[in-house]
file final_34.cif (mmCIF, C-alpha atoms and all ligand atoms)
data_coords
#
loop_
_atom_site.label_atom_id
_atom_site.label_comp_id
_atom_site.auth_asym_id
_atom_site.auth_seq_id
_atom_site.Cartn_x
_atom_site.Cartn_y
_atom_site.Cartn_z
CA MET A 1 -34.14 64.07 -39.00
CA THR A 2 -33.09 61.24 -36.77
CA SER A 3 -32.07 57.98 -38.27
CA SER A 4 -34.79 55.39 -38.40
CA ASP A 5 -34.56 51.69 -38.12
CA TRP A 6 -35.04 50.54 -41.69
CA ALA A 7 -35.00 46.94 -40.68
CA THR A 8 -38.20 47.26 -38.70
CA LYS A 9 -40.11 49.89 -40.64
CA ASP A 10 -42.22 49.22 -43.69
CA PHE A 11 -42.44 52.54 -45.43
CA TYR A 12 -44.54 51.07 -48.24
CA GLN A 13 -47.11 49.99 -45.75
CA VAL A 14 -47.08 53.40 -44.10
CA LEU A 15 -47.91 54.96 -47.46
CA GLY A 16 -50.33 52.19 -48.36
CA VAL A 17 -48.63 51.31 -51.62
CA ALA A 18 -47.21 48.13 -53.10
CA LYS A 19 -43.48 47.54 -52.89
CA ASP A 20 -43.21 47.84 -56.65
CA ALA A 21 -45.36 50.96 -56.87
CA SER A 22 -44.21 53.55 -59.37
CA ALA A 23 -42.62 56.78 -58.15
CA ALA A 24 -45.70 58.64 -59.37
CA ASP A 25 -48.05 56.41 -57.36
CA ILE A 26 -45.93 56.82 -54.26
CA LYS A 27 -46.01 60.57 -54.64
CA LYS A 28 -49.75 60.53 -55.14
CA ALA A 29 -50.32 58.35 -52.07
CA TYR A 30 -48.03 60.55 -50.00
CA ARG A 31 -49.79 63.78 -50.97
CA LYS A 32 -53.18 62.35 -50.20
CA LEU A 33 -52.13 61.04 -46.78
CA ALA A 34 -50.12 64.12 -45.89
CA ARG A 35 -53.10 66.34 -46.67
CA ALA A 36 -55.49 64.20 -44.63
CA ASN A 37 -53.19 64.03 -41.60
CA HIS A 38 -51.64 67.48 -41.74
CA PRO A 39 -51.50 69.15 -38.30
CA ASP A 40 -53.13 72.28 -39.75
CA SER A 41 -56.23 70.29 -40.63
CA ASN A 42 -56.16 68.31 -37.38
CA PRO A 43 -55.27 70.76 -34.64
CA GLY A 44 -54.59 69.01 -31.33
CA ASP A 45 -54.95 65.52 -32.81
CA LYS A 46 -51.85 63.69 -31.53
CA ALA A 47 -52.56 60.51 -33.48
CA ALA A 48 -52.81 62.43 -36.74
CA GLU A 49 -49.60 64.23 -35.91
CA GLU A 50 -47.83 60.92 -35.36
CA ARG A 51 -49.24 59.60 -38.63
CA PHE A 52 -48.13 62.75 -40.40
CA LYS A 53 -44.59 62.29 -39.08
CA ALA A 54 -44.51 58.63 -40.10
CA ILE A 55 -45.79 59.50 -43.57
CA ALA A 56 -43.15 62.20 -43.99
CA GLU A 57 -40.46 59.83 -42.77
CA ALA A 58 -41.57 57.11 -45.18
CA TYR A 59 -41.78 59.45 -48.13
CA ASP A 60 -38.40 60.94 -47.33
CA VAL A 61 -36.96 57.52 -48.09
CA VAL A 62 -39.11 55.80 -50.70
CA GLY A 63 -39.94 59.09 -52.42
CA ASP A 64 -36.28 59.42 -53.27
CA GLU A 65 -35.04 57.08 -55.99
CA GLN A 66 -31.59 56.74 -54.51
CA LYS A 67 -32.72 56.19 -50.93
CA ARG A 68 -35.50 53.85 -52.04
CA LYS A 69 -32.99 51.61 -53.76
CA GLN A 70 -30.80 51.53 -50.67
CA TYR A 71 -33.84 50.88 -48.49
CA ASP A 72 -35.03 48.00 -50.67
CA GLU A 73 -31.59 46.45 -50.62
CA THR A 74 -31.28 46.81 -46.87
CA ARG A 75 -34.68 45.29 -46.30
CA ALA A 76 -34.00 42.40 -48.60
CA MET A 77 -30.64 41.78 -47.07
CA PHE A 78 -31.62 41.96 -43.47
CA VAL A 79 -34.95 40.26 -43.80
CA GLY A 80 -36.82 42.88 -41.96
CA GLY A 81 -35.33 43.16 -38.54
CA GLY A 82 -33.65 39.83 -38.18
CA PHE A 83 -34.99 36.40 -37.47
CA ASN A 84 -35.65 37.25 -33.88
CA GLY A 85 -37.29 40.47 -34.91
CA GLY A 86 -39.77 38.17 -36.49
CA PHE A 87 -39.41 39.06 -40.12
CA GLY A 88 -40.83 42.45 -39.58
CA GLY A 89 -41.09 42.77 -43.32
CA GLY A 90 -44.76 42.83 -42.69
CA GLY A 91 -44.33 45.35 -39.94
CA ALA A 92 -47.87 45.11 -38.73
CA GLY A 93 -48.13 41.39 -38.91
CA GLN A 94 -48.58 40.80 -42.59
CA PRO A 95 -47.65 37.36 -43.80
CA PHE A 96 -43.97 37.10 -44.35
CA ASP A 97 -43.13 36.46 -47.92
CA LEU A 98 -39.70 35.11 -48.67
CA ASN A 99 -39.93 35.77 -52.37
CA ASP A 100 -40.89 39.29 -51.71
CA LEU A 101 -37.93 39.91 -49.48
CA PHE A 102 -35.53 38.29 -51.85
CA GLY A 103 -36.41 40.44 -54.74
CA GLY A 104 -38.74 38.10 -56.48
CA GLY A 105 -36.93 34.92 -55.61
CA ALA A 106 -35.21 34.74 -58.97
CA GLY A 107 -32.24 36.26 -57.16
CA GLY A 108 -28.57 36.08 -57.81
CA ALA A 109 -26.28 33.49 -56.32
CA GLY A 110 -26.15 35.25 -52.97
CA SER A 111 -29.88 35.52 -52.65
CA ALA A 112 -30.45 31.93 -53.68
CA ASN A 113 -28.06 30.83 -51.01
CA LEU A 114 -29.82 32.81 -48.34
CA GLY A 115 -33.15 31.63 -49.61
CA ASP A 116 -32.04 28.08 -49.07
CA LEU A 117 -31.03 28.86 -45.56
CA PHE A 118 -34.29 30.45 -44.73
CA GLY A 119 -36.31 27.89 -46.54
CA GLY A 120 -34.64 25.13 -44.60
CA MET A 121 -35.22 26.96 -41.40
CA PHE A 122 -38.88 27.27 -41.88
CA GLY A 123 -39.40 23.90 -43.38
CA SER A 124 -40.77 25.49 -46.48
CA GLY A 125 -37.79 24.72 -48.68
CA GLY A 126 -39.97 22.58 -50.86
CA GLY A 127 -41.58 25.65 -52.22
CA GLY A 128 -45.09 24.52 -51.50
CA GLY A 129 -44.60 24.58 -47.75
CA PRO A 130 -46.71 26.66 -45.44
CA ARG A 131 -46.04 30.31 -45.26
CA THR A 132 -44.56 31.40 -42.01
CA THR A 133 -46.17 34.28 -40.30
CA ARG A 134 -44.49 35.95 -37.43
CA ARG A 135 -45.12 39.15 -35.68
CA THR A 136 -42.47 41.58 -34.72
CA ARG A 137 -41.74 40.98 -31.07
CA ALA A 138 -42.14 43.99 -28.84
CA ARG A 139 -39.06 44.51 -26.74
CA ARG A 140 -38.79 46.61 -23.61
CA GLY A 141 -36.15 49.33 -23.71
CA SER A 142 -33.04 48.88 -21.62
CA ASP A 143 -32.65 50.29 -18.13
CA ILE A 144 -30.12 53.06 -17.91
CA GLU A 145 -28.14 54.08 -14.87
CA THR A 146 -26.53 57.45 -14.39
CA SER A 147 -25.45 59.62 -11.47
CA THR A 148 -25.77 63.21 -10.40
CA THR A 149 -24.34 65.31 -7.60
CA ILE A 150 -26.59 67.74 -5.76
CA SER A 151 -26.11 70.11 -2.84
CA PHE A 152 -27.09 69.25 0.71
CA SER A 153 -29.97 71.70 0.74
CA ASP A 154 -31.21 70.53 -2.68
CA ALA A 155 -31.31 67.03 -1.21
CA LEU A 156 -33.56 68.32 1.56
CA GLU A 157 -35.77 70.41 -0.69
CA GLY A 158 -35.89 68.23 -3.77
CA VAL A 159 -34.56 69.54 -7.05
CA THR A 160 -34.97 69.14 -10.80
CA VAL A 161 -31.68 68.24 -12.40
CA SER A 162 -30.66 68.19 -16.04
CA LEU A 163 -29.02 64.93 -17.07
CA ARG A 164 -27.18 64.13 -20.26
CA LEU A 165 -27.79 60.58 -21.31
CA ALA A 166 -26.13 58.60 -24.00
CA SER A 167 -28.97 56.69 -25.62
CA GLU A 168 -29.05 54.16 -28.38
CA GLN A 169 -30.50 54.93 -31.75
CA PRO A 170 -30.40 52.91 -34.96
CA CYS A 171 -27.07 53.41 -36.69
CA ALA A 172 -27.43 56.00 -39.45
CA VAL A 173 -25.12 54.18 -41.85
CA CYS A 174 -26.54 50.64 -41.80
CA HIS A 175 -29.98 51.76 -40.60
CA GLY A 176 -29.91 49.36 -37.69
CA THR A 177 -28.99 46.22 -39.60
CA GLY A 178 -25.39 46.08 -38.37
CA ALA A 179 -24.22 44.93 -41.81
CA GLN A 180 -21.91 46.94 -44.00
CA PRO A 181 -24.13 48.39 -46.75
CA GLY A 182 -24.01 46.05 -49.75
CA SER A 183 -22.86 43.01 -47.77
CA GLN A 184 -24.79 39.82 -47.12
CA PRO A 185 -25.62 38.69 -43.60
CA GLN A 186 -25.81 35.00 -42.75
CA MET A 187 -27.90 32.96 -40.42
CA CYS A 188 -26.36 32.86 -36.93
CA PRO A 189 -24.62 29.46 -36.66
CA ASP A 190 -25.08 29.21 -32.90
CA CYS A 191 -28.83 29.61 -32.68
CA GLU A 192 -29.70 28.70 -36.25
CA GLY A 193 -31.40 32.01 -36.68
CA SER A 194 -33.81 31.82 -33.79
CA GLY A 195 -31.98 34.40 -31.71
CA MET A 196 -32.53 32.19 -28.67
CA ARG A 197 -30.67 29.21 -27.34
CA ALA A 198 -31.21 26.77 -24.54
CA ALA A 199 -28.93 27.29 -21.58
CA SER A 200 -28.43 24.52 -19.06
CA MET A 201 -29.38 25.37 -15.50
CA GLY A 202 -27.82 22.18 -14.23
CA GLY A 203 -29.53 18.83 -14.18
CA ALA A 204 -32.45 18.51 -16.52
CA PHE A 205 -33.38 22.16 -16.42
CA THR A 206 -32.80 24.45 -19.31
CA ILE A 207 -33.98 27.96 -19.98
CA ASN A 208 -34.05 29.89 -23.18
CA GLU A 209 -31.74 32.82 -23.25
CA THR A 210 -30.82 35.37 -25.87
CA CYS A 211 -28.17 33.97 -28.17
CA PRO A 212 -24.90 35.64 -27.12
CA THR A 213 -23.33 35.29 -30.56
CA CYS A 214 -25.90 37.32 -32.43
CA ARG A 215 -27.42 39.02 -29.38
CA GLY A 216 -30.85 37.82 -30.34
CA ARG A 217 -30.77 39.10 -33.88
CA GLY A 218 -30.55 35.67 -35.45
CA ILE A 219 -28.16 36.99 -38.02
CA TYR A 220 -24.46 36.67 -38.23
CA VAL A 221 -22.91 39.65 -39.94
CA SER A 222 -19.68 38.62 -41.57
CA ASP A 223 -18.99 42.11 -42.85
CA PRO A 224 -20.04 44.39 -40.00
CA CYS A 225 -20.90 48.00 -40.50
CA GLN A 226 -17.74 49.96 -39.89
CA VAL A 227 -19.51 52.73 -38.07
CA CYS A 228 -21.39 50.74 -35.43
CA HIS A 229 -19.16 47.64 -35.59
CA GLY A 230 -22.13 45.45 -36.30
CA SER A 231 -24.28 46.42 -33.36
CA GLY A 232 -26.74 48.33 -35.54
CA ARG A 233 -26.94 50.90 -32.78
CA ALA A 234 -25.40 54.29 -32.41
CA LEU A 235 -25.01 56.30 -29.25
CA SER A 236 -26.43 59.75 -29.19
CA ASP A 237 -26.69 62.28 -26.44
CA ARG A 238 -29.99 63.38 -25.08
CA ALA A 239 -30.77 65.74 -22.25
CA ILE A 240 -33.56 65.02 -19.82
CA GLN A 241 -34.92 66.75 -16.75
CA ALA A 242 -35.26 64.54 -13.71
CA ARG A 243 -37.02 65.38 -10.48
CA ILE A 244 -35.05 64.34 -7.39
CA PRO A 245 -37.50 64.04 -4.47
CA ALA A 246 -37.04 65.94 -1.22
CA GLY A 247 -35.17 63.99 1.45
CA VAL A 248 -32.98 61.97 -0.90
CA LYS A 249 -29.95 60.42 0.81
CA ASP A 250 -26.37 60.35 -0.37
CA GLY A 251 -25.88 57.28 -2.57
CA GLN A 252 -29.61 56.65 -2.97
CA LYS A 253 -30.82 55.31 -6.30
CA ILE A 254 -33.87 57.05 -7.75
CA ARG A 255 -35.95 55.16 -10.29
CA LEU A 256 -37.59 57.19 -13.02
CA LYS A 257 -40.07 54.90 -14.66
CA GLY A 258 -40.14 54.92 -18.44
CA ARG A 259 -37.22 57.33 -18.81
CA GLY A 260 -34.69 54.70 -19.87
CA GLY A 261 -33.93 53.28 -23.30
CA ARG A 262 -36.59 53.27 -25.99
CA GLY A 263 -38.58 50.12 -26.55
CA GLU A 264 -38.44 48.34 -29.86
CA HIS A 265 -41.38 47.36 -32.01
CA GLY A 266 -43.85 49.07 -29.72
CA GLY A 267 -42.32 47.72 -26.50
CA PRO A 268 -42.37 49.95 -23.41
CA PRO A 269 -39.34 52.08 -22.57
CA GLY A 270 -36.91 51.00 -19.87
CA ASP A 271 -36.36 52.81 -16.60
CA LEU A 272 -33.78 55.36 -15.69
CA PHE A 273 -31.91 54.93 -12.42
CA VAL A 274 -30.17 57.97 -11.03
CA VAL A 275 -27.62 57.46 -8.28
CA VAL A 276 -27.67 60.68 -6.26
CA LYS A 277 -24.52 61.94 -4.61
CA VAL A 278 -25.09 64.63 -2.01
CA SER A 279 -22.33 67.16 -1.32
CA PRO A 280 -21.53 67.55 2.39
CA HIS A 281 -22.84 70.58 4.28
CA PRO A 282 -20.40 72.74 6.28
CA VAL A 283 -22.58 72.51 9.40
CA PHE A 284 -25.10 69.70 9.13
CA GLY A 285 -24.53 66.00 8.79
CA ARG A 286 -27.02 63.32 7.90
CA SER A 287 -27.96 60.05 9.56
CA GLY A 288 -30.90 58.42 7.76
CA ASP A 289 -33.81 60.82 8.07
CA ASP A 290 -32.11 62.67 10.91
CA LEU A 291 -29.77 65.59 10.54
CA THR A 292 -26.86 66.04 12.91
CA ILE A 293 -25.05 69.07 14.23
CA THR A 294 -22.32 69.53 16.82
CA VAL A 295 -22.69 72.67 18.95
CA PRO A 296 -20.07 74.07 21.29
CA ILE A 297 -21.20 75.06 24.78
CA SER A 298 -19.18 76.66 27.54
CA PHE A 299 -18.31 74.96 30.82
CA ASP A 300 -20.68 77.18 32.75
CA GLU A 301 -23.55 76.40 30.33
CA ALA A 302 -22.91 72.69 30.81
CA ALA A 303 -22.63 73.02 34.57
CA LEU A 304 -25.38 75.54 35.23
CA GLY A 305 -27.70 74.75 32.31
CA ALA A 306 -28.67 77.13 29.50
CA ASP A 307 -31.00 77.75 26.58
CA ILE A 308 -28.85 77.63 23.47
CA ALA A 309 -29.73 78.71 19.92
CA VAL A 310 -29.13 76.05 17.27
CA PRO A 311 -29.40 76.62 13.50
CA VAL A 312 -32.04 74.64 11.62
CA PRO A 313 -31.71 73.64 7.96
CA VAL A 314 -33.94 75.54 5.61
CA VAL A 315 -36.53 73.25 4.02
CA GLY A 316 -39.51 74.17 1.90
CA GLY A 317 -38.84 77.82 1.35
CA THR A 318 -38.43 78.81 5.00
CA PRO A 319 -36.37 81.98 4.89
CA GLY A 320 -32.76 81.79 6.05
CA GLY A 321 -31.69 82.36 9.63
CA SER A 322 -34.03 79.71 10.98
CA LYS A 323 -33.12 78.39 14.43
CA VAL A 324 -34.46 76.54 17.44
CA THR A 325 -33.73 76.85 21.15
CA VAL A 326 -32.39 73.75 22.86
CA LYS A 327 -32.65 73.53 26.63
CA VAL A 328 -29.37 72.26 28.09
CA PRO A 329 -30.07 71.09 31.66
CA PRO A 330 -27.64 71.76 34.51
CA GLY A 331 -24.90 69.15 34.75
CA THR A 332 -24.90 68.22 31.04
CA PRO A 333 -21.84 66.12 30.18
CA ASN A 334 -19.72 66.72 27.13
CA GLY A 335 -21.00 64.83 24.05
CA ARG A 336 -24.65 64.55 25.11
CA THR A 337 -27.09 64.54 22.18
CA PHE A 338 -30.47 66.26 22.20
CA ARG A 339 -33.23 65.37 19.76
CA VAL A 340 -35.26 68.14 18.14
CA ARG A 341 -38.21 66.41 16.45
CA GLY A 342 -39.53 67.50 13.06
CA LYS A 343 -36.41 69.46 12.08
CA GLY A 344 -34.67 66.68 10.15
CA ALA A 345 -34.85 65.53 6.55
CA PRO A 346 -38.26 65.25 4.84
CA ARG A 347 -39.68 61.74 4.51
CA LYS A 348 -41.87 60.33 1.76
CA ASP A 349 -44.97 60.57 3.94
CA GLY A 350 -44.49 64.30 4.47
CA THR A 351 -43.18 64.04 8.02
CA ARG A 352 -39.63 64.94 8.91
CA GLY A 353 -36.87 63.28 10.89
CA SER A 354 -35.13 64.88 13.85
CA LEU A 355 -32.26 67.28 14.26
CA LEU A 356 -29.74 65.61 16.57
CA VAL A 357 -27.82 68.27 18.51
CA THR A 358 -24.61 67.08 20.13
CA VAL A 359 -22.99 69.45 22.60
CA GLU A 360 -19.26 69.80 22.89
CA VAL A 361 -17.93 71.55 25.98
CA HIS A 362 -15.55 74.24 24.91
CA VAL A 363 -12.38 74.88 26.89
CA PRO A 364 -10.95 78.36 26.32
CA ALA A 365 -7.35 78.40 25.10
CA THR A 366 -6.62 81.64 26.93
CA LEU A 367 -8.21 83.33 29.92
CA SER A 368 -8.52 86.97 30.87
CA SER A 369 -7.17 87.73 34.36
CA GLU A 370 -10.72 88.09 35.60
CA ALA A 371 -11.74 84.71 34.19
CA ARG A 372 -8.59 83.12 35.53
CA ALA A 373 -9.36 84.42 39.02
CA ALA A 374 -12.90 83.00 38.72
CA VAL A 375 -11.62 79.57 37.65
CA GLU A 376 -9.07 79.58 40.46
CA ALA A 377 -11.86 80.41 42.89
CA TYR A 378 -13.81 77.46 41.43
CA ARG A 379 -10.81 75.20 42.04
CA GLU A 380 -10.65 76.34 45.63
CA ALA A 381 -14.36 75.69 46.05
CA THR A 382 -14.15 72.16 44.65
CA ALA A 383 -10.89 71.10 46.31
CA GLY A 384 -11.05 67.52 47.52
CA ASN A 385 -13.32 66.30 44.70
CA GLU A 386 -10.93 63.64 43.49
CA LEU A 387 -11.88 63.05 39.82
CA ARG A 388 -9.40 60.30 39.06
CA GLY A 389 -9.22 58.53 42.41
CA ARG A 390 -11.23 55.47 41.35
CA LEU A 391 -9.48 55.25 38.03
CA LEU A 392 -6.06 55.18 39.68
CA GLU A 393 -7.23 52.53 42.10
CA ALA A 394 -8.70 50.38 39.35
CA GLY A 395 -5.62 50.89 37.17
CA GLY A 396 -3.33 49.73 39.96
CA ALA A 397 -5.47 46.72 40.86
CA ARG A 398 -4.17 43.24 40.04
ZN ZN A 401 -24.07 50.60 -38.59
ZN ZN A 402 -27.52 33.53 -32.63
#
call {"tool": "encode", "arguments": {"input": "final_34.cif", "output": "structure tokens"}}
result
Amino acid sequence: MTSSDWATKDFYQVLGVAKDASAADIKKAYRKLARANHPDSNPGDKAAEERFKAIAEAYDVVGDEQKRKQYDETRAMFVGGGFNGGFGGGGAGQPFDLNDLFGGGAGGAGSANLGDLFGGMFGSGGGGGPRTTRRTRARRGSDIETSTTISFSDALEGVTVSLRLASEQPCAVCHGTGAQPGSQPQMCPDCEGSGMRAASMGGAFTINETCPTCRGRGIYVSDPCQVCHGSGRALSDRAIQARIPAGVKDGQKIRLKGRGGRGEHGGPPGDLFVVVKVSPHPVFGRSGDDLTITVPISFDEAALGADIAVPVPVVGGTPGGSKVTVKVPPGTPNGRTFRVRGKGAPRKDGTRGSLLVTVEVHVPATLSSEARAAVEAYREATAGNELRGRLLEAGGAR
């Protein structure tokens, strides 16, 4: 079972019993609720299934004498999720009751001290003051960024990748409070427990920002939990499947809505951003939605013109060996680029970019005697065509 955030969960409320209910009453309440919400009796009812899980989780703790004691102490100590958390002691918005949280108010020296702090904070130190009711504030989960490397053809086709994410869960040792079990937290001195503080924006403008000292918790933990170092959070690995859309570019950031960190107190989850790295292809390059390829052609093809076969990337299940014919007109210079529309990378709207074919005139390193004779004949035929005449003139000009 995963660790739950004790500070924000009211297991007594889940079971519908008083905080001082006897073990027998708790057991009775649990059995009744578990029977009513059992998946076997409610096939396909997701809400009942969730309730059943919550009931089991609650009973796992308060149904066990040892764990119940620890839970009660944690709750009393942390005041239900911190000041910022809004005294979630009520969980679902019940009136917050200081006495309740401090074990009846009679308390030892430590509790009395804290009680004073809280009382002062809420202006109810006089005892007869108004009760403060706060609701637990829903908080959106954090955005998470990760990266993945996919192949060139997967980038064109789209692919589902498996990502391992380190996500935050309540710390299993302090149950999310951040305080060493058995220690007493104090009110944050920098925000006086509000979890927020005014930050100057220059001039007369101020904005409220999360208190950096307590990170919005409102509580200063003098004796931090040794496992989570006071953060109340623990990292755990989780694997998720993410769909990378067809046509993704190298370095592009894909946003997967709602796949980030979990929200708190019913807040929505954050987003997951995946930076996609695309491995280079041995033949094709990429320029925006266009794909590029450099194709060698012979001198005679460039001079006389030719239809040349050019490979086309396989997209959308087209079997391998796909190619197009590019018409190279007579007199094509080295480095000319031809555009083949619709054979590039897929776009969002379903269309595709172009394949840009750049020709490179190939000069043979060796010639057969026959070829040599032909080239020599060509030289004879073109004698007098001074290629560099103008260049030499211009170069010598003052
Ligand atoms: Zn901890
Ligand atoms: Zn603070």
call {"tool": "closest_atom_pairs", "arguments": {"input": "final_34.cif", "of": "chain A", "to": "ligand ZN 402 (chain A)", "cutoff": "12 Å", "atoms": "all atoms listed in the file", "output": "CSV"}}
result
residue,atom,partner,partner_atom,distance
A:Gly82,CA,A:ZN402,ZN,10.4
A:Phe83,CA,A:ZN402,ZN,9.4
A:Asn84,CA,A:ZN402,ZN,9.0
A:Gln186,CA,A:ZN402,ZN,10.4
A:Met187,CA,A:ZN402,ZN,7.8
A:Cys188,CA,A:ZN402,ZN,4.5
A:Pro189,CA,A:ZN402,ZN,6.4
A:Asp190,CA,A:ZN402,ZN,5.0
A:Cys191,CA,A:ZN402,ZN,4.1
A:Glu192,CA,A:ZN402,ZN,6.4
A:Gly193,CA,A:ZN402,ZN,5.8
A:Ser194,CA,A:ZN402,ZN,6.6
A:Gly195,CA,A:ZN402,ZN,4.6
A:Met196,CA,A:ZN402,ZN,6.5
A:Arg197,CA,A:ZN402,ZN,7.5
A:Ala198,CA,A:ZN402,ZN,11.2
A:Glu209,CA,A:ZN402,ZN,10.3
A:Thr210,CA,A:ZN402,ZN,7.7
A:Cys211,CA,A:ZN402,ZN,4.5
A:Pro212,CA,A:ZN402,ZN,6.5
A:Thr213,CA,A:ZN402,ZN,5.0
A:Cys214,CA,A:ZN402,ZN,4.1
A:Arg215,CA,A:ZN402,ZN,6.4
A:Gly216,CA,A:ZN402,ZN,5.9
A:Arg217,CA,A:ZN402,ZN,6.6
A:Gly218,CA,A:ZN402,ZN,4.7
A:Ile219,CA,A:ZN402,ZN,6.4
A:Tyr220,CA,A:ZN402,ZN,7.1
A:Val221,CA,A:ZN402,ZN,10.6
call {"tool": "closest_residue", "arguments": {"input": "final_34.cif", "among": "A:Glu301, A:Asp290, A:Asp307, A:Glu145", "to": "A:Arg347", "atoms": "all atoms listed in the file"}}
result
A:Asp290
call {"tool": "atom_distance", "arguments": {"input": "final_34.cif", "atom1": "atom CA of A:Arg139", "atom2": "atom CA of A:Arg233"}}
result
15.0 Å
call {"tool": "residues_around", "arguments": {"input": "final_34.cif", "residues": "A:Lys28", "least_positions_apart": "5", "cutoff": "10 Å", "atoms": "all atoms listed in the file", "output": "PyMOL selection string"}}
result
chain A and resi 15+17+22-23+33-34
call {"tool": "write_last_selection", "arguments": {"input": "final_34.cif", "atoms": "C-alpha atoms", "output": "mmCIF file, in the frame of the given file"}}
result
data_model
loop_
_atom_site.group_PDB
_atom_site.id
_atom_site.type_symbol
_atom_site.label_atom_id
_atom_site.label_comp_id
_atom_site.auth_asym_id
_atom_site.auth_seq_id
_atom_site.Cartn_x
_atom_site.Cartn_y
_atom_site.Cartn_z
ATOM 1 C CA LEU A 15 -47.910 54.960 -47.460
ATOM 2 C CA VAL A 17 -48.630 51.310 -51.620
ATOM 3 C CA SER A 22 -44.210 53.550 -59.370
ATOM 4 C CA ALA A 23 -42.620 56.780 -58.150
ATOM 5 C CA LEU A 33 -52.130 61.040 -46.780
ATOM 6 C CA ALA A 34 -50.120 64.120 -45.890
#
call {"tool": "closest_residue", "arguments": {"input": "final_34.cif", "among": "A:Glu49, A:Asp40, A:Asp223, A:Asp143", "to": "ligand ZN 401 (chain A)", "atoms": "all atoms listed in the file"}}
result
A:Asp223
call {"tool": "closest_atom_pairs", "arguments": {"input": "final_34.cif", "of": "chain A", "to": "ligand ZN 401 (chain A)", "cutoff": "12 Å", "atoms": "all atoms listed in the file", "output": "JSON lines"}}
result
{"residue": "A:Ser3", "atom": "CA", "partner": "A:ZN401", "partner_atom": "ZN", "distance": 10.9}
{"residue": "A:Ser4", "atom": "CA", "partner": "A:ZN401", "partner_atom": "ZN", "distance": 11.7}
{"residue": "A:Asp5", "atom": "CA", "partner": "A:ZN401", "partner_atom": "ZN", "distance": 10.6}
{"residue": "A:Trp6", "atom": "CA", "partner": "A:ZN401", "partner_atom": "ZN", "distance": 11.4}
{"residue": "A:Ala7", "atom": "CA", "partner": "A:ZN401", "partner_atom": "ZN", "distance": 11.7}
{"residue": "A:Thr74", "atom": "CA", "partner": "A:ZN401", "partner_atom": "ZN", "distance": 11.6}
{"residue": "A:Glu168", "atom": "CA", "partner": "A:ZN401", "partner_atom": "ZN", "distance": 11.9}
{"residue": "A:Gln169", "atom": "CA", "partner": "A:ZN401", "partner_atom": "ZN", "distance": 10.3}
{"residue": "A:Pro170", "atom": "CA", "partner": "A:ZN401", "partner_atom": "ZN", "distance": 7.7}
{"residue": "A:Cys171", "atom": "CA", "partner": "A:ZN401", "partner_atom": "ZN", "distance": 4.5}
{"residue": "A:Ala172", "atom": "CA", "partner": "A:ZN401", "partner_atom": "ZN", "distance": 6.4}
{"residue": "A:Val173", "atom": "CA", "partner": "A:ZN401", "partner_atom": "ZN", "distance": 5.0}
{"residue": "A:Cys174", "atom": "CA", "partner": "A:ZN401", "partner_atom": "ZN", "distance": 4.1}
{"residue": "A:His175", "atom": "CA", "partner": "A:ZN401", "partner_atom": "ZN", "distance": 6.3}
{"residue": "A:Gly176", "atom": "CA", "partner": "A:ZN401", "partner_atom": "ZN", "distance": 6.0}
{"residue": "A:Thr177", "atom": "CA", "partner": "A:ZN401", "partner_atom": "ZN", "distance": 6.7}
{"residue": "A:Gly178", "atom": "CA", "partner": "A:ZN401", "partner_atom": "ZN", "distance": 4.7}
{"residue": "A:Ala179", "atom": "CA", "partner": "A:ZN401", "partner_atom": "ZN", "distance": 6.5}
{"residue": "A:Gln180", "atom": "CA", "partner": "A:ZN401", "partner_atom": "ZN", "distance": 6.9}
{"residue": "A:Pro181", "atom": "CA", "partner": "A:ZN401", "partner_atom": "ZN", "distance": 8.5}
{"residue": "A:Ser183", "atom": "CA", "partner": "A:ZN401", "partner_atom": "ZN", "distance": 12.0}
{"residue": "A:Val221", "atom": "CA", "partner": "A:ZN401", "partner_atom": "ZN", "distance": 11.1}
{"residue": "A:Asp223", "atom": "CA", "partner": "A:ZN401", "partner_atom": "ZN", "distance": 10.8}
{"residue": "A:Pro224", "atom": "CA", "partner": "A:ZN401", "partner_atom": "ZN", "distance": 7.5}
{"residue": "A:Cys225", "atom": "CA", "partner": "A:ZN401", "partner_atom": "ZN", "distance": 4.5}
{"residue": "A:Gln226", "atom": "CA", "partner": "A:ZN401", "partner_atom": "ZN", "distance": 6.5}
{"residue": "A:Val227", "atom": "CA", "partner": "A:ZN401", "partner_atom": "ZN", "distance": 5.1}
{"residue": "A:Cys228", "atom": "CA", "partner": "A:ZN401", "partner_atom": "ZN", "distance": 4.1}
{"residue": "A:His229", "atom": "CA", "partner": "A:ZN401", "partner_atom": "ZN", "distance": 6.5}
{"residue": "A:Gly230", "atom": "CA", "partner": "A:ZN401", "partner_atom": "ZN", "distance": 6.0}
{"residue": "A:Ser231", "atom": "CA", "partner": "A:ZN401", "partner_atom": "ZN", "distance": 6.7}
{"residue": "A:Gly232", "atom": "CA", "partner": "A:ZN401", "partner_atom": "ZN", "distance": 4.6}
{"residue": "A:Arg233", "atom": "CA", "partner": "A:ZN401", "partner_atom": "ZN", "distance": 6.5}
{"residue": "A:Ala234", "atom": "CA", "partner": "A:ZN401", "partner_atom": "ZN", "distance": 7.3}
{"residue": "A:Leu235", "atom": "CA", "partner": "A:ZN401", "partner_atom": "ZN", "distance": 11.0}
call {"tool": "closest_residue", "arguments": {"input": "final_34.cif", "among": "A:Tyr71, A:Ser200, A:Gly182, A:Ser153", "to": "A:Asp10", "atoms": "all atoms listed in the file"}}
result
A:Tyr71
call {"tool": "residues_around", "arguments": {"input": "final_34.cif", "residues": "A:Gly63", "least_positions_apart": "6", "cutoff": "10 Å", "atoms": "all atoms listed in the file", "output": "PyMOL selection string"}}
result
chain A and resi 11+22-27+30+56-57
